[in-house]
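See below for target08.csv, which holds CSV, C-alpha atoms and all ligand atoms.
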chain,number,residue,atom,x,y,z
A,1108,MET,CA,112.5,-15.2,218.0
A,1109,SER,CA,110.9,-18.5,217.0
A,1110,TYR,CA,111.6,-19.9,213.6
A,1111,THR,CA,107.9,-20.7,213.2
A,1112,ASN,CA,106.4,-17.5,214.6
A,1113,PRO,CA,108.5,-14.3,214.9
A,1114,TYR,CA,106.5,-13.2,218.0
A,1115,ARG,CA,107.0,-16.3,220.0
A,1116,LYS,CA,110.3,-17.3,221.6
A,1117,ARG,CA,111.2,-21.0,221.5
A,1118,ILE,CA,112.7,-22.0,224.9
A,1119,LEU,CA,114.5,-25.1,225.9
A,1120,VAL,CA,114.0,-26.4,229.5
A,1121,THR,CA,116.3,-29.3,230.4
A,1122,GLY,CA,115.0,-31.3,233.3
A,1123,GLY,CA,111.5,-29.9,232.3
A,1124,ALA,CA,109.6,-33.0,233.7
A,1125,GLY,CA,111.1,-32.5,237.2
A,1126,PHE,CA,109.7,-30.6,240.1
A,1127,ILE,CA,110.9,-27.1,239.3
A,1128,GLY,CA,111.2,-27.7,235.6
A,1129,SER,CA,107.5,-28.6,235.2
A,1130,HIS,CA,106.5,-25.3,236.9
A,1131,LEU,CA,108.9,-23.4,234.7
A,1132,CYS,CA,107.5,-25.0,231.5
A,1133,GLU,CA,104.0,-24.2,232.6
A,1134,ARG,CA,104.8,-20.5,233.4
A,1135,LEU,CA,106.8,-20.0,230.1
A,1136,LEU,CA,103.8,-21.4,228.1
A,1137,GLN,CA,101.4,-19.1,230.0
A,1138,GLU,CA,103.6,-16.2,229.1
A,1139,GLY,CA,103.1,-17.0,225.4
A,1140,ASN,CA,106.3,-18.9,224.6
A,1141,GLU,CA,107.0,-22.2,222.8
A,1142,VAL,CA,108.6,-24.7,225.1
A,1143,ILE,CA,110.8,-27.7,224.4
A,1144,CYS,CA,111.1,-29.9,227.5
A,1145,VAL,CA,114.1,-32.3,227.4
A,1146,ASP,CA,114.3,-34.9,230.1
A,1147,ASN,CA,115.5,-38.5,230.6
A,1148,PHE,CA,112.9,-39.1,233.4
A,1149,TYR,CA,115.5,-40.2,235.9
A,1150,THR,CA,113.7,-38.3,238.7
A,1151,GLY,CA,111.1,-36.4,236.7
A,1152,SER,CA,107.7,-37.7,235.8
A,1153,LYS,CA,105.3,-37.6,232.9
A,1154,ARG,CA,102.6,-36.9,235.5
A,1155,ASN,CA,104.2,-33.4,236.1
A,1156,ILE,CA,103.8,-32.4,232.5
A,1157,ALA,CA,100.7,-34.5,231.4
A,1158,HIS,CA,98.5,-31.4,231.5
A,1159,LEU,CA,100.8,-29.5,229.1
A,1160,LEU,CA,100.9,-32.2,226.4
A,1161,THR,CA,97.8,-31.0,224.7
A,1162,ASN,CA,99.3,-27.5,224.3
A,1163,PRO,CA,100.4,-27.2,220.6
A,1164,TYR,CA,103.3,-25.0,221.8
A,1165,PHE,CA,104.7,-27.7,224.1
A,1166,GLU,CA,107.0,-30.5,223.0
A,1167,VAL,CA,108.8,-33.2,225.0
A,1168,ILE,CA,112.0,-35.0,224.0
A,1169,ARG,CA,113.3,-38.0,226.0
A,1170,HIS,CA,117.0,-37.3,226.0
A,1171,ASP,CA,120.0,-37.5,228.4
A,1172,VAL,CA,121.9,-34.2,228.4
A,1173,THR,CA,125.2,-36.1,228.8
A,1174,PHE,CA,124.8,-36.7,225.1
A,1175,PRO,CA,124.9,-33.9,222.5
A,1176,LEU,CA,121.6,-32.3,221.5
A,1177,TYR,CA,120.8,-30.5,218.3
A,1178,VAL,CA,117.7,-28.4,218.4
A,1179,GLU,CA,117.0,-24.8,217.3
A,1180,VAL,CA,115.9,-22.6,220.2
A,1181,ASP,CA,116.1,-18.9,221.4
A,1182,GLU,CA,116.9,-19.5,225.1
A,1183,ILE,CA,118.0,-22.3,227.3
A,1184,TYR,CA,117.2,-23.1,231.0
A,1185,ASN,CA,119.5,-25.9,232.1
A,1186,LEU,CA,117.8,-27.7,235.0
A,1187,ALA,CA,118.6,-31.3,234.2
A,1188,CYS,CA,120.1,-32.9,237.3
A,1189,PRO,CA,118.8,-35.0,240.2
A,1190,ALA,CA,118.5,-32.6,243.2
A,1191,SER,CA,117.6,-34.8,246.2
A,1192,PRO,CA,120.6,-36.2,248.1
A,1193,VAL,CA,119.0,-39.7,248.0
A,1194,HIS,CA,118.7,-39.6,244.2
A,1195,TYR,CA,122.0,-37.9,243.4
A,1196,GLN,CA,123.9,-40.2,245.7
A,1197,PHE,CA,122.3,-43.3,244.1
A,1198,ASP,CA,124.5,-43.1,241.0
A,1199,PRO,CA,127.1,-40.4,241.9
A,1200,VAL,CA,129.2,-40.9,238.8
A,1201,GLN,CA,126.1,-40.2,236.6
A,1202,THR,CA,125.3,-37.1,238.8
A,1203,THR,CA,128.7,-35.6,238.0
A,1204,LYS,CA,128.4,-36.5,234.3
A,1205,THR,CA,125.0,-34.9,234.2
A,1206,SER,CA,126.3,-31.7,235.8
A,1207,VAL,CA,129.5,-31.5,233.9
A,1208,HIS,CA,129.0,-33.2,230.5
A,1209,GLY,CA,125.4,-31.8,230.5
A,1210,ALA,CA,126.7,-28.3,231.0
A,1211,ILE,CA,129.3,-28.7,228.2
A,1212,ASN,CA,126.7,-29.9,225.8
A,1213,MET,CA,124.1,-27.2,226.6
A,1214,LEU,CA,126.9,-24.6,226.5
A,1215,GLY,CA,128.0,-26.0,223.1
A,1216,LEU,CA,124.4,-25.7,221.9
A,1217,ALA,CA,124.1,-22.1,223.2
A,1218,LYS,CA,127.4,-21.2,221.6
A,1219,ARG,CA,126.3,-22.6,218.2
A,1220,LEU,CA,123.0,-20.8,218.3
A,1221,LYS,CA,124.4,-17.7,220.0
A,1222,VAL,CA,121.6,-17.7,222.6
A,1223,LYS,CA,121.6,-17.0,226.3
A,1224,ILE,CA,121.6,-19.9,228.8
A,1225,LEU,CA,120.7,-20.0,232.4
A,1226,GLN,CA,122.2,-22.5,234.8
A,1227,ALA,CA,120.2,-23.9,237.8
A,1228,SER,CA,123.1,-23.9,240.3
A,1229,THR,CA,122.6,-24.4,244.0
A,1230,SER,CA,123.3,-23.2,247.5
A,1231,GLU,CA,125.3,-26.5,247.7
A,1232,VAL,CA,128.2,-24.7,246.1
A,1233,TYR,CA,128.6,-23.1,249.6
A,1234,GLY,CA,128.9,-26.6,251.2
A,1235,ASP,CA,128.7,-26.5,255.0
A,1236,PRO,CA,129.0,-22.8,255.1
A,1237,SER,CA,131.0,-20.9,257.7
A,1238,VAL,CA,129.7,-17.5,256.4
A,1239,HIS,CA,126.1,-16.9,257.4
A,1240,PRO,CA,123.8,-15.9,255.7
A,1241,GLN,CA,125.5,-16.9,252.5
A,1242,VAL,CA,126.5,-14.1,250.1
A,1243,GLU,CA,127.5,-14.7,246.5
A,1244,GLU,CA,131.1,-13.7,247.2
A,1245,TYR,CA,131.6,-16.6,249.6
A,1246,TRP,CA,133.6,-19.4,248.0
A,1247,GLY,CA,132.2,-22.1,250.1
A,1248,ASN,CA,133.3,-25.0,252.3
A,1249,VAL,CA,132.8,-28.3,250.3
A,1250,ASN,CA,134.3,-31.7,251.1
A,1251,PRO,CA,135.6,-32.7,247.6
A,1252,ILE,CA,135.7,-36.4,248.5
A,1253,GLY,CA,132.5,-36.8,250.5
A,1254,ILE,CA,129.2,-38.3,249.6
A,1255,ARG,CA,127.7,-35.0,248.6
A,1256,ALA,CA,130.6,-34.0,246.4
A,1257,CYS,CA,129.2,-35.6,243.2
A,1258,TYR,CA,126.5,-33.0,243.3
A,1259,ASP,CA,128.3,-30.1,245.0
A,1260,GLU,CA,131.5,-30.3,242.9
A,1261,GLY,CA,129.6,-31.2,239.8
A,1262,LYS,CA,127.6,-28.0,240.2
A,1263,ARG,CA,130.7,-26.0,241.0
A,1264,CYS,CA,132.4,-27.2,237.9
A,1265,ALA,CA,129.3,-26.4,235.9
A,1266,GLU,CA,129.6,-22.8,237.2
A,1267,THR,CA,133.2,-22.7,236.1
A,1268,LEU,CA,132.3,-23.9,232.6
A,1269,PHE,CA,129.6,-21.3,232.4
A,1270,PHE,CA,132.0,-18.5,233.3
A,1271,ASP,CA,134.7,-19.9,231.0
A,1272,TYR,CA,132.3,-20.0,228.0
A,1273,HIS,CA,131.3,-16.5,228.9
A,1274,ARG,CA,134.9,-15.2,229.0
A,1275,GLN,CA,136.3,-17.4,226.2
A,1276,HIS,CA,133.3,-17.4,223.7
A,1277,LYS,CA,131.4,-14.3,224.8
A,1278,LEU,CA,128.4,-16.4,225.6
A,1279,GLN,CA,125.5,-14.7,227.5
A,1280,ILE,CA,125.1,-16.6,230.8
A,1281,LYS,CA,122.9,-16.4,233.8
A,1282,VAL,CA,123.8,-18.4,236.9
A,1283,ALA,CA,121.1,-18.8,239.6
A,1284,ARG,CA,122.1,-20.3,243.0
A,1285,ILE,CA,118.9,-21.9,244.1
A,1286,PHE,CA,118.3,-22.5,247.8
A,1287,ASN,CA,115.9,-25.2,249.1
A,1288,THR,CA,112.7,-25.0,247.1
A,1289,TYR,CA,109.5,-27.0,247.7
A,1290,GLY,CA,106.0,-27.3,246.4
A,1291,PRO,CA,103.6,-29.4,244.3
A,1292,ASN,CA,105.1,-31.8,241.8
A,1293,MET,CA,107.8,-33.0,244.2
A,1294,HIS,CA,107.9,-36.8,243.9
A,1295,PRO,CA,106.4,-38.6,246.9
A,1296,ASN,CA,109.6,-40.6,247.1
A,1297,ASP,CA,111.8,-37.6,246.4
A,1298,GLY,CA,113.6,-38.0,249.7
A,1299,ARG,CA,114.0,-34.3,250.5
A,1300,VAL,CA,112.8,-33.0,253.8
A,1301,VAL,CA,109.6,-31.1,253.0
A,1302,SER,CA,108.0,-33.9,250.9
A,1303,ASN,CA,109.3,-36.6,253.3
A,1304,PHE,CA,107.6,-34.9,256.3
A,1305,ILE,CA,104.4,-34.2,254.5
A,1306,VAL,CA,104.1,-37.7,253.1
A,1307,GLN,CA,104.9,-39.2,256.5
A,1308,ALA,CA,102.4,-37.0,258.3
A,1309,LEU,CA,99.6,-37.8,255.8
A,1310,LYS,CA,100.2,-41.5,256.1
A,1311,GLY,CA,100.4,-41.4,259.9
A,1312,GLU,CA,104.0,-42.7,259.8
A,1313,ASP,CA,106.8,-41.5,262.1
A,1314,ILE,CA,108.4,-38.2,261.0
A,1315,THR,CA,112.1,-38.9,260.5
A,1316,VAL,CA,114.3,-36.0,261.8
A,1317,TYR,CA,118.0,-36.6,261.0
A,1318,GLY,CA,120.4,-35.6,263.8
A,1319,ASP,CA,118.9,-33.6,266.6
A,1320,GLY,CA,116.9,-31.4,264.1
A,1321,SER,CA,118.9,-28.2,265.1
A,1322,GLN,CA,120.3,-27.8,261.6
A,1323,THR,CA,118.6,-25.0,259.6
A,1324,ARG,CA,117.3,-24.5,256.1
A,1325,SER,CA,115.4,-21.7,254.3
A,1326,PHE,CA,112.5,-22.9,252.2
A,1327,CYS,CA,111.3,-21.1,249.0
A,1328,TYR,CA,107.9,-21.9,247.5
A,1329,VAL,CA,108.3,-23.0,243.9
A,1330,SER,CA,106.2,-20.2,242.2
A,1331,ASP,CA,108.4,-17.6,243.8
A,1332,LEU,CA,111.5,-19.4,242.6
A,1333,VAL,CA,110.2,-19.7,239.0
A,1334,SER,CA,109.5,-15.9,239.0
A,1335,GLY,CA,113.1,-15.3,240.0
A,1336,LEU,CA,114.5,-17.6,237.3
A,1337,ILE,CA,112.5,-15.8,234.6
A,1338,LYS,CA,113.5,-12.4,235.9
A,1339,LEU,CA,117.1,-13.4,235.9
A,1340,MET,CA,116.9,-14.7,232.3
A,1341,ASN,CA,115.4,-11.4,231.2
A,1342,THR,CA,118.1,-9.2,232.7
A,1343,ASP,CA,120.5,-7.0,230.8
A,1344,PRO,CA,123.3,-9.0,229.0
A,1345,SER,CA,125.8,-7.6,231.5
A,1346,ILE,CA,124.2,-9.5,234.3
A,1347,THR,CA,125.7,-13.0,234.6
A,1348,GLY,CA,125.1,-13.8,238.3
A,1349,PRO,CA,125.8,-15.8,240.3
A,1350,ILE,CA,122.7,-14.6,242.1
A,1351,ASN,CA,121.1,-16.3,245.2
A,1352,LEU,CA,117.5,-17.2,244.8
A,1353,GLY,CA,115.7,-18.4,247.9
A,1354,ASN,CA,113.6,-17.4,250.8
A,1355,PRO,CA,115.6,-15.9,253.7
A,1356,GLY,CA,113.2,-17.2,256.4
A,1357,GLU,CA,115.3,-19.7,258.3
A,1358,PHE,CA,113.9,-22.7,260.3
A,1359,THR,CA,115.4,-25.6,262.2
A,1360,ILE,CA,114.4,-29.0,260.8
A,1361,LEU,CA,112.6,-29.7,264.1
A,1362,GLU,CA,110.5,-26.5,263.6
A,1363,LEU,CA,109.6,-27.7,260.1
A,1364,ALA,CA,108.5,-31.1,261.5
A,1365,GLU,CA,106.3,-29.4,264.1
A,1366,LYS,CA,104.8,-27.1,261.5
A,1367,VAL,CA,103.9,-30.0,259.2
A,1368,ILE,CA,102.3,-32.0,262.1
A,1369,LYS,CA,100.3,-28.9,263.0
A,1370,LEU,CA,99.1,-28.1,259.5
A,1371,THR,CA,98.2,-31.7,258.6
A,1372,GLY,CA,96.6,-32.4,262.1
A,1373,SER,CA,98.6,-35.6,262.0
A,1374,LYS,CA,99.1,-37.9,264.9
A,1375,SER,CA,102.6,-38.9,263.6
A,1376,LYS,CA,105.4,-38.9,266.1
A,1377,ILE,CA,108.8,-37.3,265.6
A,1378,ILE,CA,111.7,-39.9,265.7
A,1379,PHE,CA,115.4,-39.1,265.4
A,1380,LYS,CA,117.7,-40.9,262.9
A,1381,PRO,CA,121.5,-40.5,262.3
A,1382,LEU,CA,122.6,-37.3,260.6
A,1383,PRO,CA,124.0,-38.0,257.1
A,1384,GLN,CA,127.7,-37.3,256.5
A,1385,ASP,CA,128.5,-33.7,255.6
A,1386,ASP,CA,125.0,-32.5,256.2
A,1387,PRO,CA,125.2,-28.7,256.2
A,1388,LYS,CA,124.5,-27.2,259.7
A,1389,GLN,CA,123.0,-23.9,258.5
A,1390,ARG,CA,121.7,-22.3,255.4
A,1391,ARG,CA,120.1,-19.0,254.6
A,1392,PRO,CA,120.4,-16.9,251.5
A,1393,ASP,CA,121.4,-13.3,251.5
A,1394,ILE,CA,119.2,-12.1,248.7
A,1395,SER,CA,120.3,-8.4,248.6
A,1396,LYS,CA,121.5,-8.9,245.0
A,1397,ALA,CA,118.3,-10.4,243.8
A,1398,LYS,CA,116.3,-7.6,245.4
A,1399,GLU,CA,118.5,-4.9,243.9
A,1400,ILE,CA,119.1,-6.3,240.4
A,1401,LEU,CA,116.0,-8.4,239.8
A,1402,HIS,CA,113.6,-6.5,242.0
A,1403,TRP,CA,112.6,-9.9,243.3
A,1404,GLN,CA,111.9,-11.4,246.6
A,1405,PRO,CA,109.7,-14.3,247.7
A,1406,ALA,CA,106.1,-13.6,248.5
A,1407,ILE,CA,104.8,-16.9,249.9
A,1408,PRO,CA,105.6,-17.5,253.6
A,1409,LEU,CA,106.4,-21.1,254.7
A,1410,GLU,CA,103.1,-21.9,256.3
A,1411,GLU,CA,101.1,-20.8,253.2
A,1412,GLY,CA,103.4,-22.8,250.9
A,1413,LEU,CA,103.2,-25.8,253.1
A,1414,LYS,CA,99.4,-25.7,252.9
A,1415,TYR,CA,99.5,-25.7,249.1
A,1416,THR,CA,102.0,-28.6,249.1
A,1417,ILE,CA,99.9,-30.6,251.7
A,1418,ASP,CA,96.8,-30.1,249.5
A,1419,TYR,CA,98.8,-31.4,246.5
A,1420,PHE,CA,99.9,-34.6,248.3
A,1421,LYS,CA,96.4,-35.1,249.7
A,1422,LYS,CA,94.9,-34.9,246.2
A,1423,LEU,CA,97.7,-37.2,244.8
A,1424,PHE,CA,97.0,-39.9,247.5
A,1425,GLY,CA,93.3,-39.5,247.0
A,1426,GLU,CA,93.7,-40.4,243.3
A,1427,GLN,CA,95.7,-43.5,244.0
B,1501,LIG,P1,114.1,-32.9,240.1
B,1501,LIG,O1,115.0,-34.1,240.4
B,1501,LIG,O2,112.7,-33.0,240.4
B,1501,LIG,O3,114.3,-32.5,238.6
B,1501,LIG,C1,115.4,-32.8,237.8
B,1501,LIG,C2,115.0,-33.2,236.4
B,1501,LIG,O4,116.2,-33.5,235.6
B,1501,LIG,C3,114.2,-34.5,236.5
B,1501,LIG,O5,113.1,-34.4,235.6
B,1501,LIG,C4,115.2,-35.5,235.9
B,1501,LIG,O6,114.6,-36.6,235.3
B,1501,LIG,C5,116.0,-34.7,234.9
B,1501,LIG,N1,117.3,-35.2,234.7
B,1501,LIG,C6,118.2,-35.7,235.5
B,1501,LIG,N2,119.4,-36.1,234.9
B,1501,LIG,C7,119.1,-35.9,233.6
B,1501,LIG,C8,119.9,-36.1,232.4
B,1501,LIG,N3,121.1,-36.6,232.4
B,1501,LIG,N4,119.4,-35.7,231.2
B,1501,LIG,C9,118.1,-35.2,231.1
B,1501,LIG,N5,117.4,-35.0,232.2
B,1501,LIG,C10,117.9,-35.3,233.4
B,1501,LIG,O7,114.8,-31.7,240.9
B,1501,LIG,P2,114.4,-30.2,241.0
B,1501,LIG,O8,114.3,-29.9,242.4
B,1501,LIG,O9,113.3,-29.9,240.1
B,1501,LIG,O10,115.7,-29.5,240.5
B,1501,LIG,C11,115.9,-28.9,239.3
B,1501,LIG,C12,117.2,-28.2,239.1
B,1501,LIG,O11,117.3,-27.2,240.1
B,1501,LIG,C13,118.4,-29.1,239.4
B,1501,LIG,O12,119.4,-28.8,238.5
B,1501,LIG,C14,118.8,-28.8,240.8
B,1501,LIG,O13,120.2,-29.1,241.0
B,1501,LIG,C15,118.5,-27.4,240.9
B,1501,LIG,N6,118.2,-27.0,242.3
B,1501,LIG,C16,117.1,-27.4,243.0
B,1501,LIG,C17,116.9,-27.0,244.3
B,1501,LIG,C18,115.6,-27.4,245.0
B,1501,LIG,O14,115.6,-27.2,246.2
B,1501,LIG,N7,114.6,-28.0,244.4
B,1501,LIG,C19,117.9,-26.3,245.0
B,1501,LIG,C20,119.0,-26.0,244.3
B,1501,LIG,C21,119.2,-26.3,243.0
B,1502,LIG,N1,127.0,-29.6,221.2
B,1502,LIG,C1,125.6,-29.9,221.2
B,1502,LIG,N2,124.7,-29.3,220.4
B,1502,LIG,C2,125.1,-28.3,219.6
B,1502,LIG,C3,126.5,-27.9,219.6
B,1502,LIG,C4,127.4,-28.6,220.4
B,1502,LIG,O1,125.2,-30.9,222.0
B,1502,LIG,O2,124.3,-27.7,218.9
B,1502,LIG,C5,127.9,-30.3,222.1
B,1502,LIG,C6,129.0,-30.9,221.2
B,1502,LIG,O3,128.8,-32.3,221.1
B,1502,LIG,C7,130.3,-30.6,222.1
B,1502,LIG,C8,129.8,-29.7,223.2
B,1502,LIG,O4,128.5,-29.4,222.9
B,1502,LIG,O5,130.7,-31.8,222.7
B,1502,LIG,C9,130.7,-28.5,223.3
B,1502,LIG,O6,130.6,-27.8,222.1
B,1502,LIG,P1,131.8,-26.7,221.8
B,1502,LIG,O7,131.4,-26.2,220.4
B,1502,LIG,O8,131.9,-25.8,222.9
B,1502,LIG,O9,133.1,-27.6,221.8
B,1502,LIG,P2,133.7,-28.5,220.7
B,1502,LIG,O10,132.7,-29.0,219.8
B,1502,LIG,O11,134.7,-27.6,220.0
B,1502,LIG,O12,134.4,-29.6,221.5
B,1503,LIG,N1,116.2,-34.3,256.7
B,1503,LIG,C1,115.5,-34.9,257.7
B,1503,LIG,N2,114.6,-35.9,257.5
B,1503,LIG,C2,114.3,-36.3,256.2
B,1503,LIG,C3,115.0,-35.7,255.1
B,1503,LIG,C4,115.9,-34.7,255.4
B,1503,LIG,O1,115.8,-34.5,258.9
B,1503,LIG,O2,113.5,-37.2,256.1
B,1503,LIG,C5,117.1,-33.2,256.9
B,1503,LIG,C6,118.5,-33.4,256.3
B,1503,LIG,O3,119.4,-34.1,257.1
B,1503,LIG,C7,119.0,-31.9,256.1
B,1503,LIG,C8,117.6,-31.2,255.9
B,1503,LIG,O4,116.6,-32.0,256.4
B,1503,LIG,O5,119.5,-31.5,257.3
B,1503,LIG,C9,117.4,-30.8,254.4
B,1503,LIG,O6,117.5,-32.0,253.7
B,1503,LIG,P1,117.2,-32.1,252.1
B,1503,LIG,O7,117.5,-33.5,251.7
B,1503,LIG,O8,115.8,-31.7,251.9
B,1503,LIG,O9,118.1,-31.1,251.4
B,1503,LIG,P2,119.6,-30.5,251.6
B,1503,LIG,O10,119.4,-29.1,251.9
B,1503,LIG,O11,120.3,-31.3,252.7
B,1503,LIG,O12,120.2,-30.8,250.3

If you took the structure in this file and wrote it as structure tokens, what would it be?
Ligand code: NAD
Ligand code: UDP
Ligand code: UDP
Amino acid sequence: MSYTNPYRKRILVTGGAGFIGSHLCERLLQEGNEVICVDNFYTGSKRNIAHLLTNPYFEVIRHDVTFPLYVEVDEIYNLACPASPVHYQFDPVQTTKTSVHGAINMLGLAKRLKVKILQASTSEVYGDPSVHPQVEEYWGNVNPIGIRACYDEGKRCAETLFFDYHRQHKLQIKVARIFNTYGPNMHPNDGRVVSNFIVQALKGEDITVYGDGSQTRSFCYVSDLVSGLIKLMNTDPSITGPINLGNPGEFTILELAEKVIKLTGSKSKIIFKPLPQDDPKQRRPDISKAKEILHWQPAIPLEEGLKYTIDYFKKLFGEQ
């Protein structure tokens, strides 16, 4: 319980000014908690949390999680890490440091405070998967020396650290393997496929499909994902995960491009660009565990979520 109010939990969200983190901070505040958002604003933005700043139960700390952090909290959600391939490959050494040193520091903090900690892991731990759909038991197919490795291996090592702190120090951990998530608060220059296509369509620019567009992804709307994260955090202490969180609807990238063009009414044309190295060919979560353990499944289908996201970017560009 909070040190200032016994009825209010004080929750730390690292990466809280980012896309998912900002939605999580907002939801946790709505549910009556106190929230400390820690972010170094590498890919996050003050704009994402501007509306929360007047809330007396919300606090922001500019801090890089690769350095130790001393605060007093009741729960930790560790989301700090750039998630878009463009951004995590821009400074790959820093990406690995953020995942690994960041995890060590947040685990050290959780250990000192004896509080539970949730890790935002990723479907990238499965790499370019040969098991489809991906189940949590699958150990993955990751190129350890490729351009995605700074992120994939960083996140795999973070999972290792979480399970070793759990075994060695009896720490309560929760590991969520998040699949492609999209929605409002994605940065217009984020570089991931949903925001790229929507921004291109709204600006009348060419839609850049990498490769032939036959690779698949499964897209989860952010409000669904946030519900899953909070449900996982609030499970029985025996539940550690890893648990897949994502929307099992699977689409080719070309289908996504066509949907975005249809929903925006854009005259943009689809152009094809080279497929980046190690780009996974297929991805879809098996969410049986999340359904059974968390009683969770996504509620927002792709077209509906795309409409909300398109509305967000239209408003954003209207303000500029
Ligand atoms: P994002 O880039 O919008 O948010 C990441 C946030 O972390 C940003 O605010 C950034 O400034 C902050 N950050 C980065 N390095 C930091 C550091 N060293 N110290 C403090 N803050 C730092 O990305 P997102 O999509 O919101 O992703 C949030 C988390 O969820 C990440 O850990 C990501 O790996 C994970 N995840 C996201 C997805 C997805 O599809 N969105 C999928 C799988 C996993
Ligand atoms: N740490 C932190 N905040 C805390 C406690 C620890 O940032 O409140 C950091 C600390 O700097 C250390 C890391 O977490 O580098 C791991 O802590 P742990 O206690 O597990 O390891 P040790 O301090 O024994 O190396
Ligand atoms: N992609 C694309 N055009 C873009 C951005 C991405 O075709 O402008 C493709 C990318 O090659 C990948 C898929 O869309 O196959 C998802 O990419 P994203 O960067 O969103 O996330 P990933 O799942 O690859 O980490």

Exercise. Identify which of the residues A:Lys1388, A:Lys1281, A:Lys1374, A:His1276 lies closest to Ser1321 in chain A, counting only C-alpha atoms when measuring atom-to-atom distances.
Key: A:Lys1388

Practice problem: Could you report the residues within 10 Å of ligand LIG 1503 (chain B), using all atoms listed in the file, as a PyMOL selection string? | Solution: chain A and resi 1190-1194+1229-1231+1234-1235+1255+1258-1259+1286-1289+1297-1307+1313-1326+1359-1361+1363-1364+1378-1390

Quiz prompt | Contacts of Val1172 in chain A within 10 Å, only C-alpha atoms, excl. fewer than 6 positions in-chain, as a PyMOL selection string | solution = chain A and resi 1121-1122+1145-1147+1185+1187-1188+1204-1213

Quiz item: Residues at most 9 Å from Asp1393 in chain A, counting all atoms listed in the file, excluding those fewer than 6 positions away in the same chain, as a PyMOL selection string?
Solution: chain A and resi 1239-1243+1351-1355

Self-check item: Residue neighbourhood Lys1369 in chain A, 12 Å, only C-alpha atoms, exclusion window fewer than 3 positions, as a ChimeraX atom specification
Solution: /A:1304-1305,1308-1309,1362-1366,1372-1376,1410,1413-1414,1417

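Atom C14 of ligand LIG 1501 (chain B) lies 20.1 Å from CA of Gly1215 in chain A.
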
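The shortest atom-to-atom distance to ligand LIG 1502 (chain B), with all atoms listed in the file taken into account, belongs to A:Leu1268 out of A:Val1329, A:Leu1268, A:Leu1423, A:Cys1132.
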
Kindly work out which residues sit at most 12 Å from ligand LIG 1502 (chain B), using all atoms listed in the file, and give the list as a compact mmCIF listing (two decimals) with C-alpha atoms, in the frame of the given file.
# COMPACT_ATOMS: atom_id res chain seq x y z
CA HIS A 1170 117.00 -37.30 226.00
CA ASP A 1171 120.00 -37.50 228.40
CA VAL A 1172 121.90 -34.20 228.40
CA THR A 1173 125.20 -36.10 228.80
CA PHE A 1174 124.80 -36.70 225.10
CA PRO A 1175 124.90 -33.90 222.50
CA LEU A 1176 121.60 -32.30 221.50
CA TYR A 1177 120.80 -30.50 218.30
CA VAL A 1178 117.70 -28.40 218.40
CA GLU A 1179 117.00 -24.80 217.30
CA VAL A 1180 115.90 -22.60 220.20
CA ILE A 1183 118.00 -22.30 227.30
CA VAL A 1207 129.50 -31.50 233.90
CA HIS A 1208 129.00 -33.20 230.50
CA GLY A 1209 125.40 -31.80 230.50
CA ALA A 1210 126.70 -28.30 231.00
CA ILE A 1211 129.30 -28.70 228.20
CA ASN A 1212 126.70 -29.90 225.80
CA MET A 1213 124.10 -27.20 226.60
CA LEU A 1214 126.90 -24.60 226.50
CA GLY A 1215 128.00 -26.00 223.10
CA LEU A 1216 124.40 -25.70 221.90
CA ALA A 1217 124.10 -22.10 223.20
CA LYS A 1218 127.40 -21.20 221.60
CA ARG A 1219 126.30 -22.60 218.20
CA LEU A 1220 123.00 -20.80 218.30
CA LYS A 1221 124.40 -17.70 220.00
CA VAL A 1222 121.60 -17.70 222.60
CA LEU A 1268 132.30 -23.90 232.60
CA PHE A 1269 129.60 -21.30 232.40
CA ASP A 1271 134.70 -19.90 231.00
CA TYR A 1272 132.30 -20.00 228.00
CA HIS A 1273 131.30 -16.50 228.90
CA GLN A 1275 136.30 -17.40 226.20
CA HIS A 1276 133.30 -17.40 223.70
CA LYS A 1277 131.40 -14.30 224.80
CA LEU A 1278 128.40 -16.40 225.60

Fewer than 4 positions away in the same chain doesn't count, so skip those; otherwise give me all residues within 8 Å of Ile1143 in chain A, counting only C-alpha atoms, as a JSON list (two decimals) with C-alpha atoms, in the coordinates of the input.
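Result went into result33.json, see below:
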[["chain", "number", "residue", "atom", "x", "y", "z"],
["A", 1117, "ARG", "CA", 111.20, -21.00, 221.50],
["A", 1118, "ILE", "CA", 112.70, -22.00, 224.90],
["A", 1119, "LEU", "CA", 114.50, -25.10, 225.90],
["A", 1120, "VAL", "CA", 114.00, -26.40, 229.50],
["A", 1165, "PHE", "CA", 104.70, -27.70, 224.10],
["A", 1166, "GLU", "CA", 107.00, -30.50, 223.00],
["A", 1167, "VAL", "CA", 108.80, -33.20, 225.00],
["A", 1168, "ILE", "CA", 112.00, -35.00, 224.00]]

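Take the candidates A:Pro1291, A:Pro1408, A:Pro1163, A:Gly1348 and check each one against ligand LIG 1501 (chain B) using all atoms listed in the file; the shortest distance goes to A:Pro1291.
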